[in-house]
Every structure is written in structure tokens, then in C-alpha cells.
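**Student:** My file is my_file_11.pdb. It has PDB, C-alpha atoms:
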```
ATOM      1  CA  MET W 255    -114.291 129.224  19.338
ATOM      2  CA  SER W 256    -111.983 132.202  19.742
ATOM      3  CA  GLU W 257    -108.376 132.167  18.636
ATOM      4  CA  PRO W 258    -106.035 130.473  21.145
ATOM      5  CA  SER W 259    -103.718 132.603  23.222
ATOM      6  CA  ALA W 260    -100.813 130.295  22.401
ATOM      7  CA  THR W 261     -99.995 127.196  20.355
ATOM      8  CA  ILE W 262     -97.288 124.650  21.037
ATOM      9  CA  TYR W 263     -95.827 122.577  18.198
ATOM     10  CA  ALA W 264     -93.980 119.320  18.907
ATOM     11  CA  PRO W 265     -92.554 117.414  15.938
ATOM     12  CA  GLY W 266     -92.918 113.723  15.226
ATOM     13  CA  LYS W 267     -90.030 111.538  14.167
ATOM     14  CA  LEU W 268     -88.685 109.083  11.638
ATOM     15  CA  VAL W 269     -86.063 106.565  12.704
ATOM     16  CA  LEU W 270     -83.589 106.228   9.864
ATOM     17  CA  MET W 271     -81.049 103.875  11.449
ATOM     18  CA  GLY W 272     -80.596 101.819  14.586
ATOM     19  CA  GLU W 273     -84.076 100.379  15.145
ATOM     20  CA  TYR W 274     -84.361  97.825  17.958
ATOM     21  CA  ALA W 275     -80.684  98.128  18.870
ATOM     22  CA  VAL W 276     -81.412 101.566  20.367
ATOM     23  CA  ILE W 277     -83.381  99.725  23.073
ATOM     24  CA  ASP W 278     -80.041  98.292  24.206
ATOM     25  CA  GLY W 279     -78.404 101.737  24.277
ATOM     26  CA  ALA W 280     -76.875 101.471  20.810
ATOM     27  CA  PRO W 281     -76.809 104.589  18.602
ATOM     28  CA  GLY W 282     -79.507 105.565  16.126
ATOM     29  CA  ILE W 283     -80.185 108.225  13.518
ATOM     30  CA  VAL W 284     -83.504 110.020  14.009
ATOM     31  CA  LEU W 285     -85.138 112.842  12.037
ATOM     32  CA  ALA W 286     -87.693 115.229  13.553
ATOM     33  CA  ILE W 287     -90.431 116.006  11.035
ATOM     34  CA  ASP W 288     -93.186 118.570  10.595
ATOM     35  CA  ARG W 289     -95.934 116.048  11.411
ATOM     36  CA  GLY W 290     -96.531 115.690  15.119
ATOM     37  CA  VAL W 291     -98.733 117.205  17.802
ATOM     38  CA  ARG W 292     -99.993 120.723  18.457
ATOM     39  CA  CYS W 293    -101.516 122.056  21.644
ATOM     40  CA  ASP W 294    -103.769 125.111  21.499
ATOM     41  CA  VAL W 295    -104.209 127.007  24.757
ATOM     42  CA  TRP W 296    -107.211 129.112  25.753
ATOM     43  CA  LEU W 297    -106.943 131.088  28.978
ATOM     44  CA  GLY W 298    -109.933 131.851  31.165
ATOM     45  CA  ASP W 299    -110.834 128.448  32.574
ATOM     46  CA  ASP W 300    -110.871 128.013  36.340
ATOM     47  CA  THR W 301    -109.274 124.590  36.069
ATOM     48  CA  VAL W 302    -106.912 122.699  33.802
ATOM     49  CA  ARG W 303    -109.080 121.211  31.049
ATOM     50  CA  LEU W 304    -107.563 118.756  28.593
ATOM     51  CA  THR W 305    -108.999 117.523  25.314
ATOM     52  CA  THR W 306    -107.380 115.042  22.919
ATOM     53  CA  PRO W 307    -108.622 113.557  19.622
ATOM     54  CA  ASP W 308    -109.507 110.187  21.146
ATOM     55  CA  GLY W 309    -109.945 111.127  24.799
ATOM     56  CA  ASP W 310    -106.681 109.442  25.828
ATOM     57  CA  THR W 311    -104.790 111.760  28.188
ATOM     58  CA  ARG W 312    -102.284 109.244  29.572
ATOM     59  CA  PHE W 313     -99.257 110.943  28.030
ATOM     60  CA  VAL W 314    -100.315 114.543  28.714
ATOM     61  CA  GLN W 315    -102.042 114.440  32.106
ATOM     62  CA  PRO W 316     -98.866 113.776  34.160
ATOM     63  CA  ALA W 317     -97.106 116.744  32.565
ATOM     64  CA  MET W 318     -99.990 119.124  33.313
ATOM     65  CA  ARG W 319    -100.282 118.645  37.081
ATOM     66  CA  HIS W 320     -98.898 122.104  37.841
ATOM     67  CA  ALA W 321    -100.092 123.869  34.702
ATOM     68  CA  SER W 322    -101.969 127.173  34.891
ATOM     69  CA  PRO W 323    -105.776 126.968  34.612
ATOM     70  CA  ALA W 324    -106.701 126.938  30.913
ATOM     71  CA  HIS W 325    -108.193 124.792  28.179
ATOM     72  CA  TYR W 326    -105.438 122.749  26.500
ATOM     73  CA  ARG W 327    -106.552 121.117  23.259
ATOM     74  CA  PHE W 328    -104.197 118.581  21.715
ATOM     75  CA  SER W 329    -104.517 117.643  18.033
ATOM     76  CA  ASP W 330    -102.500 116.288  15.125
ATOM     77  CA  TRP W 331    -100.102 118.771  13.571
ATOM     78  CA  ASN W 332    -100.167 118.383   9.781
ATOM     79  CA  PRO W 333    -102.295 115.212   9.819
ATOM     80  CA  VAL W 334    -102.323 112.908   6.815
ATOM     81  CA  ASP W 335    -105.472 111.444   5.258
ATOM     82  CA  LEU W 336    -104.674 107.737   5.219
ATOM     83  CA  PRO W 337    -106.604 104.513   5.928
ATOM     84  CA  GLY W 338    -104.343 103.933   8.935
ATOM     85  CA  LYS W 339    -102.264 106.061  11.269
ATOM     86  CA  PRO W 340     -98.545 106.210  10.424
ATOM     87  CA  GLY W 341     -96.143 105.801  13.311
ATOM     88  CA  PHE W 342     -94.593 109.233  13.797
ATOM     89  CA  GLY W 343     -94.172 109.023  17.583
ATOM     90  CA  GLY W 344     -97.395 110.827  18.462
ATOM     91  CA  SER W 345     -97.441 109.906  22.138
ATOM     92  CA  ALA W 346     -93.902 111.220  22.591
ATOM     93  CA  ALA W 347     -94.725 114.461  20.775
ATOM     94  CA  ALA W 348     -97.885 114.883  22.873
ATOM     95  CA  CYS W 349     -95.897 114.427  26.071
ATOM     96  CA  VAL W 350     -93.293 116.976  24.979
ATOM     97  CA  ALA W 351     -96.010 119.437  23.908
ATOM     98  CA  ALA W 352     -97.698 119.051  27.302
ATOM     99  CA  CYS W 353     -94.466 119.823  29.151
ATOM    100  CA  VAL W 354     -93.902 122.980  27.099
ATOM    101  CA  ALA W 355     -97.550 124.029  27.540
ATOM    102  CA  ALA W 356     -97.261 123.587  31.306
ATOM    103  CA  GLY W 357     -94.136 125.727  31.440
ATOM    104  CA  ARG W 358     -91.854 122.916  32.573
ATOM    105  CA  PRO W 359     -88.639 121.734  30.872
ATOM    106  CA  ALA W 360     -89.318 119.741  27.719
ATOM    107  CA  THR W 361     -86.738 117.225  28.932
ATOM    108  CA  ASP W 362     -89.167 116.205  31.696
ATOM    109  CA  ALA W 363     -91.012 114.304  28.950
ATOM    110  CA  LEU W 364     -88.246 111.682  28.861
ATOM    111  CA  ALA W 365     -89.070 110.331  32.312
ATOM    112  CA  ILE W 366     -92.822 110.919  31.993
ATOM    113  CA  HIS W 367     -93.159 109.125  28.667
ATOM    114  CA  HIS W 368     -91.024 106.181  29.791
ATOM    115  CA  ARG W 369     -93.039 105.823  33.007
ATOM    116  CA  VAL W 370     -96.396 105.870  31.209
ATOM    117  CA  GLN W 371     -95.305 103.645  28.322
ATOM    118  CA  GLY W 372     -93.364 101.287  30.543
ATOM    119  CA  SER W 373     -90.534 100.823  28.036
ATOM    120  CA  GLY W 374     -88.866 102.366  25.014
ATOM    121  CA  SER W 375     -85.588 103.938  23.998
ATOM    122  CA  GLY W 376     -86.718 107.574  24.236
ATOM    123  CA  VAL W 377     -85.417 108.457  20.769
ATOM    124  CA  ASP W 378     -88.847 109.746  19.716
ATOM    125  CA  VAL W 379     -88.935 112.051  22.742
ATOM    126  CA  LEU W 380     -85.414 113.315  22.037
ATOM    127  CA  ALA W 381     -86.320 114.110  18.427
ATOM    128  CA  SER W 382     -89.377 116.073  19.505
ATOM    129  CA  ILE W 383     -87.372 118.034  22.070
ATOM    130  CA  HIS W 384     -84.362 118.908  19.925
ATOM    131  CA  GLY W 385     -85.623 118.911  16.326
ATOM    132  CA  GLY W 386     -83.546 118.476  13.181
ATOM    133  CA  MET W 387     -81.674 115.219  12.748
ATOM    134  CA  GLY W 388     -79.578 113.657  15.422
ATOM    135  CA  ARG W 389     -77.494 110.712  16.428
ATOM    136  CA  THR W 390     -78.907 109.309  19.638
ATOM    137  CA  GLU W 391     -77.000 107.189  22.126
ATOM    138  CA  ASP W 392     -77.750 106.374  25.765
ATOM    139  CA  GLY W 393     -80.337 109.142  26.007
ATOM    140  CA  ARG W 394     -78.148 111.822  24.416
ATOM    141  CA  TRP W 395     -78.768 113.789  21.224
ATOM    142  CA  HIS W 396     -75.964 114.872  18.900
ATOM    143  CA  PRO W 397     -77.108 117.047  15.933
ATOM    144  CA  VAL W 398     -76.063 115.904  12.466
ATOM    145  CA  ALA W 399     -76.729 117.298   8.999
ATOM    146  CA  PRO W 400     -80.214 116.171   7.929
ATOM    147  CA  VAL W 401     -81.088 114.023   4.932
ATOM    148  CA  ILE W 402     -84.637 114.011   3.598
ATOM    149  CA  PRO W 403     -85.971 110.542   2.813
ATOM    150  CA  VAL W 404     -88.886 109.647   0.575
ATOM    151  CA  VAL W 405     -91.543 108.463   3.035
ATOM    152  CA  THR W 406     -94.141 105.880   1.995
ATOM    153  CA  PHE W 407     -97.046 104.543   4.023
ATOM    154  CA  ALA W 408     -96.932 100.749   3.902
ATOM    155  CA  GLY W 409    -100.713 100.425   3.893
ATOM    156  CA  ARG W 410    -101.479  99.594   7.506
ATOM    157  CA  SER W 411    -100.717 100.723  11.025
ATOM    158  CA  ALA W 412     -98.510  98.580  13.222
ATOM    159  CA  LYS W 413     -98.147  98.321  16.990
ATOM    160  CA  THR W 414     -94.621  98.762  18.267
ATOM    161  CA  GLY W 415     -95.157  97.409  21.790
ATOM    162  CA  PRO W 416     -95.607  93.690  20.994
ATOM    163  CA  ARG W 417     -92.620  93.716  18.648
ATOM    164  CA  VAL W 418     -90.420  95.365  21.259
ATOM    165  CA  GLN W 419     -91.533  92.823  23.855
ATOM    166  CA  GLN W 420     -90.667  89.971  21.501
ATOM    167  CA  TYR W 421     -87.280  91.532  20.757
ATOM    168  CA  ARG W 422     -86.521  91.773  24.486
ATOM    169  CA  LEU W 423     -86.973  88.017  24.793
ATOM    170  CA  TRP W 424     -84.207  87.428  22.230
ATOM    171  CA  ARG W 425     -80.839  87.130  23.918
ATOM    172  CA  GLY W 426     -77.517  85.405  23.418
ATOM    173  CA  SER W 427     -74.538  85.813  21.122
ATOM    174  CA  ALA W 428     -76.669  86.476  18.012
ATOM    175  CA  HIS W 429     -78.360  89.348  19.814
ATOM    176  CA  ALA W 430     -75.021  90.827  20.850
ATOM    177  CA  ARG W 431     -73.762  90.603  17.249
ATOM    178  CA  PHE W 432     -76.898  92.350  16.013
ATOM    179  CA  VAL W 433     -76.358  95.280  18.384
ATOM    180  CA  GLN W 434     -72.695  95.544  17.358
ATOM    181  CA  GLU W 435     -73.451  95.400  13.626
ATOM    182  CA  SER W 436     -76.237  97.969  14.002
ATOM    183  CA  THR W 437     -73.779 100.285  15.753
ATOM    184  CA  GLU W 438     -71.263  99.875  12.930
ATOM    185  CA  LEU W 439     -73.894 100.705  10.302
ATOM    186  CA  VAL W 440     -74.931 103.868  12.157
ATOM    187  CA  ASP W 441     -71.269 104.876  12.252
ATOM    188  CA  CYS W 442     -70.931 104.547   8.462
ATOM    189  CA  PHE W 443     -74.279 106.162   7.614
ATOM    190  CA  SER W 444     -72.882 109.667   7.040
ATOM    191  CA  ASP W 445     -70.249 108.368   4.589
ATOM    192  CA  ASP W 446     -72.543 106.134   2.512
ATOM    193  CA  PRO W 447     -76.232 106.394   3.449
ATOM    194  CA  LEU W 448     -77.511 104.120   0.654
ATOM    195  CA  ARG W 449     -75.102 101.319   1.517
ATOM    196  CA  ALA W 450     -75.989 101.686   5.192
ATOM    197  CA  PHE W 451     -79.709 101.515   4.378
ATOM    198  CA  ARG W 452     -79.320  98.356   2.284
ATOM    199  CA  SER W 453     -77.220  96.671   4.948
ATOM    200  CA  ALA W 454     -79.593  97.739   7.735
ATOM    201  CA  TRP W 455     -82.539  96.215   5.859
ATOM    202  CA  ARG W 456     -80.758  92.867   5.585
ATOM    203  CA  LEU W 457     -79.631  93.019   9.220
ATOM    204  CA  LEU W 458     -83.116  93.806  10.529
ATOM    205  CA  VAL W 459     -84.734  91.067   8.441
ATOM    206  CA  ALA W 460     -82.258  88.529   9.836
ATOM    207  CA  MET W 461     -82.847  89.801  13.376
ATOM    208  CA  ALA W 462     -86.626  89.534  13.001
ATOM    209  CA  ASP W 463     -86.334  85.976  11.723
ATOM    210  CA  ALA W 464     -84.084  84.999  14.622
ATOM    211  CA  ALA W 465     -86.193  86.787  17.250
ATOM    212  CA  GLY W 466     -89.495  85.536  15.852
ATOM    213  CA  LEU W 467     -91.120  88.934  15.367
ATOM    214  CA  GLU W 468     -93.155  90.221  12.427
ATOM    215  CA  TYR W 469     -91.114  92.769  10.517
ATOM    216  CA  ARG W 470     -91.659  92.275   6.788
ATOM    217  CA  THR W 471     -94.956  92.613   4.959
ATOM    218  CA  GLU W 472     -95.769  92.154   1.286
ATOM    219  CA  ALA W 473     -96.053  95.924   0.883
ATOM    220  CA  ILE W 474     -92.739  96.590   2.618
ATOM    221  CA  ASP W 475     -90.999  94.012   0.447
ATOM    222  CA  HIS W 476     -92.456  95.667  -2.658
ATOM    223  CA  ILE W 477     -91.318  99.116  -1.525
ATOM    224  CA  VAL W 478     -87.785  97.914  -0.815
ATOM    225  CA  HIS W 479     -87.555  96.042  -4.140
ATOM    226  CA  THR W 480     -88.852  99.055  -6.085
ATOM    227  CA  ALA W 481     -86.310 101.384  -4.479
ATOM    228  CA  GLN W 482     -83.429  99.013  -5.185
ATOM    229  CA  SER W 483     -84.516  98.520  -8.799
ATOM    230  CA  LEU W 484     -84.163 102.285  -9.276
ATOM    231  CA  GLY W 485     -80.733 102.491  -7.681
ATOM    232  CA  GLY W 486     -81.968 103.578  -4.252
ATOM    233  CA  ALA W 487     -82.432 101.936  -0.893
ATOM    234  CA  ALA W 488     -85.422 101.593   1.410
ATOM    235  CA  LYS W 489     -86.343 100.092   4.765
ATOM    236  CA  PRO W 490     -89.055 100.456   7.411
ATOM    237  CA  SER W 491     -88.760 103.369   9.803
ATOM    238  CA  GLY W 492     -89.118 101.925  13.267
ATOM    239  CA  ALA W 493     -90.498  98.571  14.345
ATOM    240  CA  GLY W 494     -91.755  97.353  10.948
ATOM    241  CA  GLY W 495     -94.890  95.340  10.339
ATOM    242  CA  GLY W 496     -96.484  98.322   8.591
ATOM    243  CA  ASP W 497     -96.458 102.070   9.244
ATOM    244  CA  CYS W 498     -93.911 104.013   7.173
ATOM    245  CA  THR W 499     -90.851 103.220   5.119
ATOM    246  CA  VAL W 500     -87.988 105.574   4.288
ATOM    247  CA  ALA W 501     -86.060 105.546   1.019
ATOM    248  CA  LEU W 502     -82.956 107.350  -0.210
ATOM    249  CA  PHE W 503     -81.821 108.067  -3.768
ATOM    250  CA  GLU W 504     -78.807 109.770  -5.307
ATOM    251  CA  ASP W 505     -80.814 110.560  -8.465
ATOM    252  CA  PRO W 506     -83.807 112.915  -7.883
ATOM    253  CA  ASP W 507     -85.516 111.588 -11.033
ATOM    254  CA  ALA W 508     -85.306 108.054  -9.641
ATOM    255  CA  ALA W 509     -87.006 109.257  -6.470
ATOM    256  CA  ILE W 510     -89.859 110.685  -8.539
ATOM    257  CA  ARG W 511     -90.258 107.436 -10.500
ATOM    258  CA  PHE W 512     -90.228 105.520  -7.216
ATOM    259  CA  GLN W 513     -93.113 107.589  -5.850
ATOM    260  CA  GLU W 514     -95.075 107.277  -9.085
ATOM    261  CA  ARG W 515     -94.737 103.490  -9.168
ATOM    262  CA  LEU W 516     -95.851 103.116  -5.566
ATOM    263  CA  GLU W 517     -98.732 105.570  -5.900
ATOM    264  CA  ALA W 518     -99.961 103.455  -8.839
ATOM    265  CA  VAL W 519    -100.362 100.421  -6.540
ATOM    266  CA  GLY W 520    -101.964 102.317  -3.671
ATOM    267  CA  LEU W 521     -98.879 103.033  -1.570
ATOM    268  CA  PRO W 522     -98.873 106.810  -1.051
ATOM    269  CA  SER W 523     -95.936 109.044  -0.326
ATOM    270  CA  ILE W 524     -96.055 111.401   2.647
ATOM    271  CA  PRO W 525     -94.221 114.721   2.182
ATOM    272  CA  VAL W 526     -92.065 115.579   5.194
ATOM    273  CA  SER W 527     -89.631 118.311   6.094
ATOM    274  CA  PRO W 528     -87.193 118.584   9.002
ATOM    275  CA  ALA W 529     -88.759 120.375  11.963
ATOM    276  CA  SER W 530     -87.322 122.434  14.784
ATOM    277  CA  GLY W 531     -87.749 121.217  18.339
ATOM    278  CA  ALA W 532     -90.914 121.746  20.354
ATOM    279  CA  HIS W 533     -91.728 125.425  20.737
ATOM    280  CA  ARG W 534     -94.469 127.805  21.803
ATOM    281  CA  VAL W 535     -95.981 130.500  19.598
ATOM    282  CA  ASP W 536     -97.938 133.198  21.452
ATOM    283  CA  ALA W 537    -100.836 134.989  19.752
TER
END
```
Turn the structure described in the file into C-alpha cells.
**Tutor:**
Amino acid sequence: MSEPSATIYAPGKLVLMGEYAVIDGAPGIVLAIDRGVRCDVWLGDDTVRLTTPDGDTRFVQPAMRHASPAHYRFSDWNPVDLPGKPGFGGSAAACVAACVAAGRPATDALAIHHRVQGSGSGVDVLASIHGGMGRTEDGRWHPVAPVIPVVTFAGRSAKTGPRVQQYRLWRGSAHARFVQESTELVDCFSDDPLRAFRSAWRLLVAMADAAGLEYRTEAIDHIVHTAQSLGGAAKPSGAGGGDCTVALFEDPDAAIRFQERLEAVGLPSIPVSPASGAHRVDA
């Protein structure tokens, strides 16, 4: 196949703080990373032709309704070779990439993705649109100085949807306190990220127990314990139950020892870097 006439890159995301509470409009801290979705474009087709890795076009088709005739091929950007697929917000990145490829505002992906998915906070879409690291609140993105976590795959993929549905069933005073405490931890993250991480882990575990949703796994517990034993802090990124964890350390040598210990028990690290927002590169 010939070289594409253009390529669109849309970053994935890691949620560092505010999981679950963001569904209620509370703030979160989200990092856009250089592992997301790319869309290669070949001109010359008489129609709009879409291809995706698994044939699922639900999150790209609505954005392409007024696109110029061409072949649009969506694929993983910087894929990782793992036994499961880590949760980097691929559907959100694909939707953002499709909007950019079609020549429409990337912000259109917020409404499109929510309509197709049927729920969600939109923080993964915001990260893919804006790039870098941001504080999200009520659909808004405020850039903040990025921190680079150590990312570890917890050994299995996890579905966010069922956990979010279970969380939505949990209401009452305990739920309101959870949202308030999550907000307070996001507010103190910039001053003391490790303390905020440790407190967020405890808060999310208590929430999951109260709401009756699966959050912890044996691998996640081991990752968190290993980080804390080395003076760091770790927690799942996102809904839990698997996928990826994020860890922070003040001592770079401790971060290296952390990765070595986890690699030795089959829990691989995934290198990530902050990524700019979705953009198009013409040949």
C-alpha cells in the first residue's frame, strides 16, 4: 500500500486522580499519553471507507458522515504487546481522531462519544483533545504541570461499563462524602502527590466495598504494597479490576527497583510520555 496522504494522532489517557467521582461532575487529574489511536488517510476513493482493527466502527462512523471520500484506516498508536488490552481510552481517542480526520472540531467528539457509549464523564475525550495533563471538572479542561507515573499492567483487561453502572446505583450520604473527599484529594494533589495517591487508594477501596463493585485484585494489591514498601504510592488508573496502575516515587532509584520487582513476577511496566492533543500530520 502506498504512503498515506495524512495521519492523525489522538492520544490515550491515564486517570491519576478522581476516578468514579468524575461521573458526578467532581474534578479529576488526567494525563494524555503517547499510546492511543492513529488514523491513516488515503485519498482517491469514491466513497468514505473505514477500517478498524476489529471491525467496530461505532465510535468513528458518526464523526465521518460528512468526511471527504477517502480510505480512513484506524489502528493503535504505539501498541503494547501484552496478554490483555490496557485501558487507555481507545474508543475516546478513536472518536477524536475521526473528528479531526473528517475536518470537524475535535470537541464534537464529546457529544458523539457520550451518545454512542451511553454514559461516561468525558475525561478521556478531553485528554485526547487537549493533550498534556489537566484538571477536569464539569466537562472543562484546565492544563496543569505534568507528572510522569510508573505504569504497570495489572495482568488482565477490565470492563469499565459494569463497574460504572454499579457505582451509579450507590447513593446516599456515604456517596456524597465520597465525592467530597475525592474533590479534596484532587485539590491537594499538586502539593503532595504521594500523599494524595495513598489517600485516594484507601478512599476508592472503601467506596468499592460500600458500592459492591470489584475494584481490587491480587495483582493490584501486590503492586500497591510493593510501591509503598519502597516509599512510593500506587493505585489503579480508572475503574480498577485490572488494566493499568500508576505509581509515583520521589526517589528515581526506588522507581527502578519497583519496576524490577514487578517484572520478576510477570507484571510488566509500560513506558509512557505526555502527548500533545490530537493533530494531523500531512505527507
**Student:** Fewer than 3 positions away in the same chain doesn't count, so skip those; otherwise give me all residues within 7 Å of stretch 494-496 of chain W, counting all atoms listed in the file, as an MDAnalysis selection string.
**Tutor:** chainID W and resid 408:412 468:471 490:491
**Student:** Tell me which residues the PyMOL selection byres ((chain W and resi 286) around 7) grabs here, as a list in words.
**Tutor:**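 After applying the PyMOL selection byres ((chain W and resi 286) around 7), what remains is Pro265, Gly266, Lys267, Leu268, Val284, Leu285, Ile287, Ala381, Ser382, Gly385, Gly386, Met387, Pro528 and Ala529 of chain W.
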**Student:** Which one is closest to W:Ala462: W:Ala275, W:Val377, W:Ala351, W:Ala324? Count only C-alpha atoms.
**Tutor:**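 Selected residue with least distance to W:Ala462: W:Ala275.
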**Student:** Just the number, please: distance in Å from atom CA of W:Leu423 to atom CA of W:Gly466, one decimal.
**Tutor:**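 Here the two named atoms are 9.6 Å from each other.
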**Student:** Fewer than 2 positions away in the same chain doesn't count, so skip those; otherwise give me all residues within 10 Å of W:Pro258, counting only C-alpha atoms, as a CSV table (one decimal) with C-alpha atoms, in the coordinates of the input.
**Tutor:**
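Okay, this is what ended up in selection_28.csv:
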```
chain,number,residue,atom,x,y,z
W,255,MET,CA,-114.3,129.2,19.3
W,256,SER,CA,-112.0,132.2,19.7
W,260,ALA,CA,-100.8,130.3,22.4
W,261,THR,CA,-100.0,127.2,20.4
W,293,CYS,CA,-101.5,122.1,21.6
W,294,ASP,CA,-103.8,125.1,21.5
W,295,VAL,CA,-104.2,127.0,24.8
W,296,TRP,CA,-107.2,129.1,25.8
W,297,LEU,CA,-106.9,131.1,29.0
W,325,HIS,CA,-108.2,124.8,28.2
W,326,TYR,CA,-105.4,122.7,26.5
W,327,ARG,CA,-106.6,121.1,23.3
W,536,ASP,CA,-97.9,133.2,21.5
W,537,ALA,CA,-100.8,135.0,19.8
```
**Student:** For W:Lys413, find every residue with an atom within 12 Å (counting all atoms listed in the file), except residues of its own chain fewer than 5 positions away, and show them as a VMD selection string.
**Tutor:** chain W and resid 338 to 343 418 to 419 467 to 469 492 to 497
**Student:** Taking all atoms listed in the file into account, which of W:Ala317, W:Ala460, W:Val350, W:Ala518 comes nearest W:Arg431?
**Tutor:**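 Nearest candidate to W:Arg431 out of W:Ala317, W:Ala460, W:Val350, W:Ala518: W:Ala460.
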**Student:** From the list W:Ala363, W:Ala347, W:Gly357, W:Ile402, which residue is nearest W:Ala509 when using all atoms listed in the file?
**Tutor:**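 Looking at the shortest contact to W:Ala509, the residue is W:Ile402.
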**Student:** I need the output of the PyMOL selection byres ((chain W and resi 503) around 10) for this file as a count of residues only; which residues are they?
**Tutor:** 22
**Student:** Take the PyMOL selection byres ((chain W and resi 394) around 12), apply it to the structure above, and return the hits as a VMD selection string.
**Tutor:** chain W and resid 276 279 to 284 361 364 375 to 381 383 to 384 388 to 393 395 to 397
**Student:** For atom CA of W:Asp441 and atom CA of W:Gly374, quote the distance in Å rounded to one decimal.
**Tutor:**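 Atom CA of W:Gly374 lies 21.9 Å from atom CA of W:Asp441.
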**Student:** Taking all atoms listed in the file into account, which of W:Val405, W:Leu336, W:Cys442, W:Leu458 comes nearest W:Ser527?
**Tutor:**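 Selected residue with least distance to W:Ser527: W:Val405.
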**Student:** Which protein, DNA or RNA residues are at most 6 Å from (-79.8, 87.5, 17.5) in the file's coordinates when you count only C-alpha atoms, listed as a PDB file with C-alpha atoms, in the coordinates of the input?
**Tutor:**
```
ATOM      1  CA  ALA W 428     -76.669  86.476  18.012  1.00  0.00           C
ATOM      2  CA  HIS W 429     -78.360  89.348  19.814  1.00  0.00           C
ATOM      3  CA  PHE W 432     -76.898  92.350  16.013  1.00  0.00           C
ATOM      4  CA  MET W 461     -82.847  89.801  13.376  1.00  0.00           C
ATOM      5  CA  ALA W 464     -84.084  84.999  14.622  1.00  0.00           C
TER       6      ALA W 464
END
```
**Student:** One decimal, Å: what's the distance from atom CA of W:Gln434 over to atom CA of W:Tyr274, could you say?
**Tutor:**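 Distance reported for this atom pair: 11.9 Å.
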**Student:** Under the rule that only C-alpha atoms are counted, which of W:Val478, W:Ile262, W:Ala352, W:Val401 is the nearest residue to W:Val302?
**Tutor:**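 The answer is W:Ala352, which sits nearest to W:Val302.
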**Student:** Hey, which of W:Val526, W:Met271, W:Gly298, W:Asp330 ends up closest to W:Phe451? Count all atoms listed in the file.
**Tutor:** W:Met271
**Student:** Edge lengths and centre in Å to one decimal, as AutoDock Vina command-line options, is what I'm after for the box along x, y and z that holds all listed atoms of stretch 402-407 of chain W once 8 Å is added on each side.
**Tutor:**
```
--center_x -90.8 --center_y 109.3 --center_z 2.3 --size_x 28.4 --size_y 25.5 --size_z 19.4
```
**Student:** Export C-alpha atoms of stretch 407-455 of chain W from the structure just given, as an mmCIF file, in the first residue's frame?
**Tutor:**
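See part06.cif below for the written result:
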```
data_model
loop_
_atom_site.group_PDB
_atom_site.id
_atom_site.type_symbol
_atom_site.label_atom_id
_atom_site.label_comp_id
_atom_site.auth_asym_id
_atom_site.auth_seq_id
_atom_site.Cartn_x
_atom_site.Cartn_y
_atom_site.Cartn_z
ATOM 1 C CA PHE W 407 -0.227 -3.610 33.586
ATOM 2 C CA ALA W 408 -2.137 -5.496 36.272
ATOM 3 C CA GLY W 409 -2.275 -8.691 34.228
ATOM 4 C CA ARG W 410 -5.773 -8.598 32.785
ATOM 5 C CA SER W 411 -8.163 -6.309 30.972
ATOM 6 C CA ALA W 412 -11.178 -4.951 32.804
ATOM 7 C CA LYS W 413 -14.513 -3.613 31.583
ATOM 8 C CA THR W 414 -15.386 -0.166 32.852
ATOM 9 C CA GLY W 415 -19.087 -0.183 31.938
ATOM 10 C CA PRO W 416 -20.380 -2.695 34.524
ATOM 11 C CA ARG W 417 -18.399 -1.025 37.301
ATOM 12 C CA VAL W 418 -19.754 2.396 36.387
ATOM 13 C CA GLN W 419 -23.295 1.018 36.328
ATOM 14 C CA GLN W 420 -22.818 -0.483 39.783
ATOM 15 C CA TYR W 421 -21.384 2.792 41.076
ATOM 16 C CA ARG W 422 -24.422 4.690 39.772
ATOM 17 C CA LEU W 423 -26.672 2.504 41.910
ATOM 18 C CA TRP W 424 -24.831 3.615 45.064
ATOM 19 C CA ARG W 425 -26.444 6.687 46.562
ATOM 20 C CA GLY W 426 -26.959 8.308 49.934
ATOM 21 C CA SER W 427 -24.817 10.181 52.426
ATOM 22 C CA ALA W 428 -21.814 7.841 52.032
ATOM 23 C CA HIS W 429 -21.806 8.520 48.304
ATOM 24 C CA ALA W 430 -21.925 12.273 48.862
ATOM 25 C CA ARG W 431 -19.000 12.039 51.309
ATOM 26 C CA PHE W 432 -17.003 10.036 48.778
ATOM 27 C CA VAL W 433 -17.463 12.708 46.105
ATOM 28 C CA GLN W 434 -16.479 15.454 48.561
ATOM 29 C CA GLU W 435 -13.387 13.607 49.803
ATOM 30 C CA SER W 436 -12.323 12.808 46.234
ATOM 31 C CA THR W 437 -12.597 16.507 45.392
ATOM 32 C CA GLU W 438 -10.439 17.428 48.385
ATOM 33 C CA LEU W 439 -7.752 14.923 47.372
ATOM 34 C CA VAL W 440 -7.640 16.292 43.817
ATOM 35 C CA ASP W 441 -7.212 19.768 45.291
ATOM 36 C CA CYS W 442 -4.175 18.684 47.338
ATOM 37 C CA PHE W 443 -2.576 16.564 44.602
ATOM 38 C CA SER W 444 -0.241 19.295 43.314
ATOM 39 C CA ASP W 445 1.129 19.971 46.820
ATOM 40 C CA ASP W 446 1.722 16.342 47.845
ATOM 41 C CA PRO W 447 1.091 13.816 45.057
ATOM 42 C CA LEU W 448 2.264 10.755 47.024
ATOM 43 C CA ARG W 449 0.030 11.521 49.993
ATOM 44 C CA ALA W 450 -2.884 12.149 47.640
ATOM 45 C CA PHE W 451 -2.258 8.830 45.874
ATOM 46 C CA ARG W 452 -2.161 6.870 49.141
ATOM 47 C CA SER W 453 -5.328 8.523 50.398
ATOM 48 C CA ALA W 454 -7.108 8.043 47.061
ATOM 49 C CA TRP W 455 -6.305 4.319 47.129
#
```
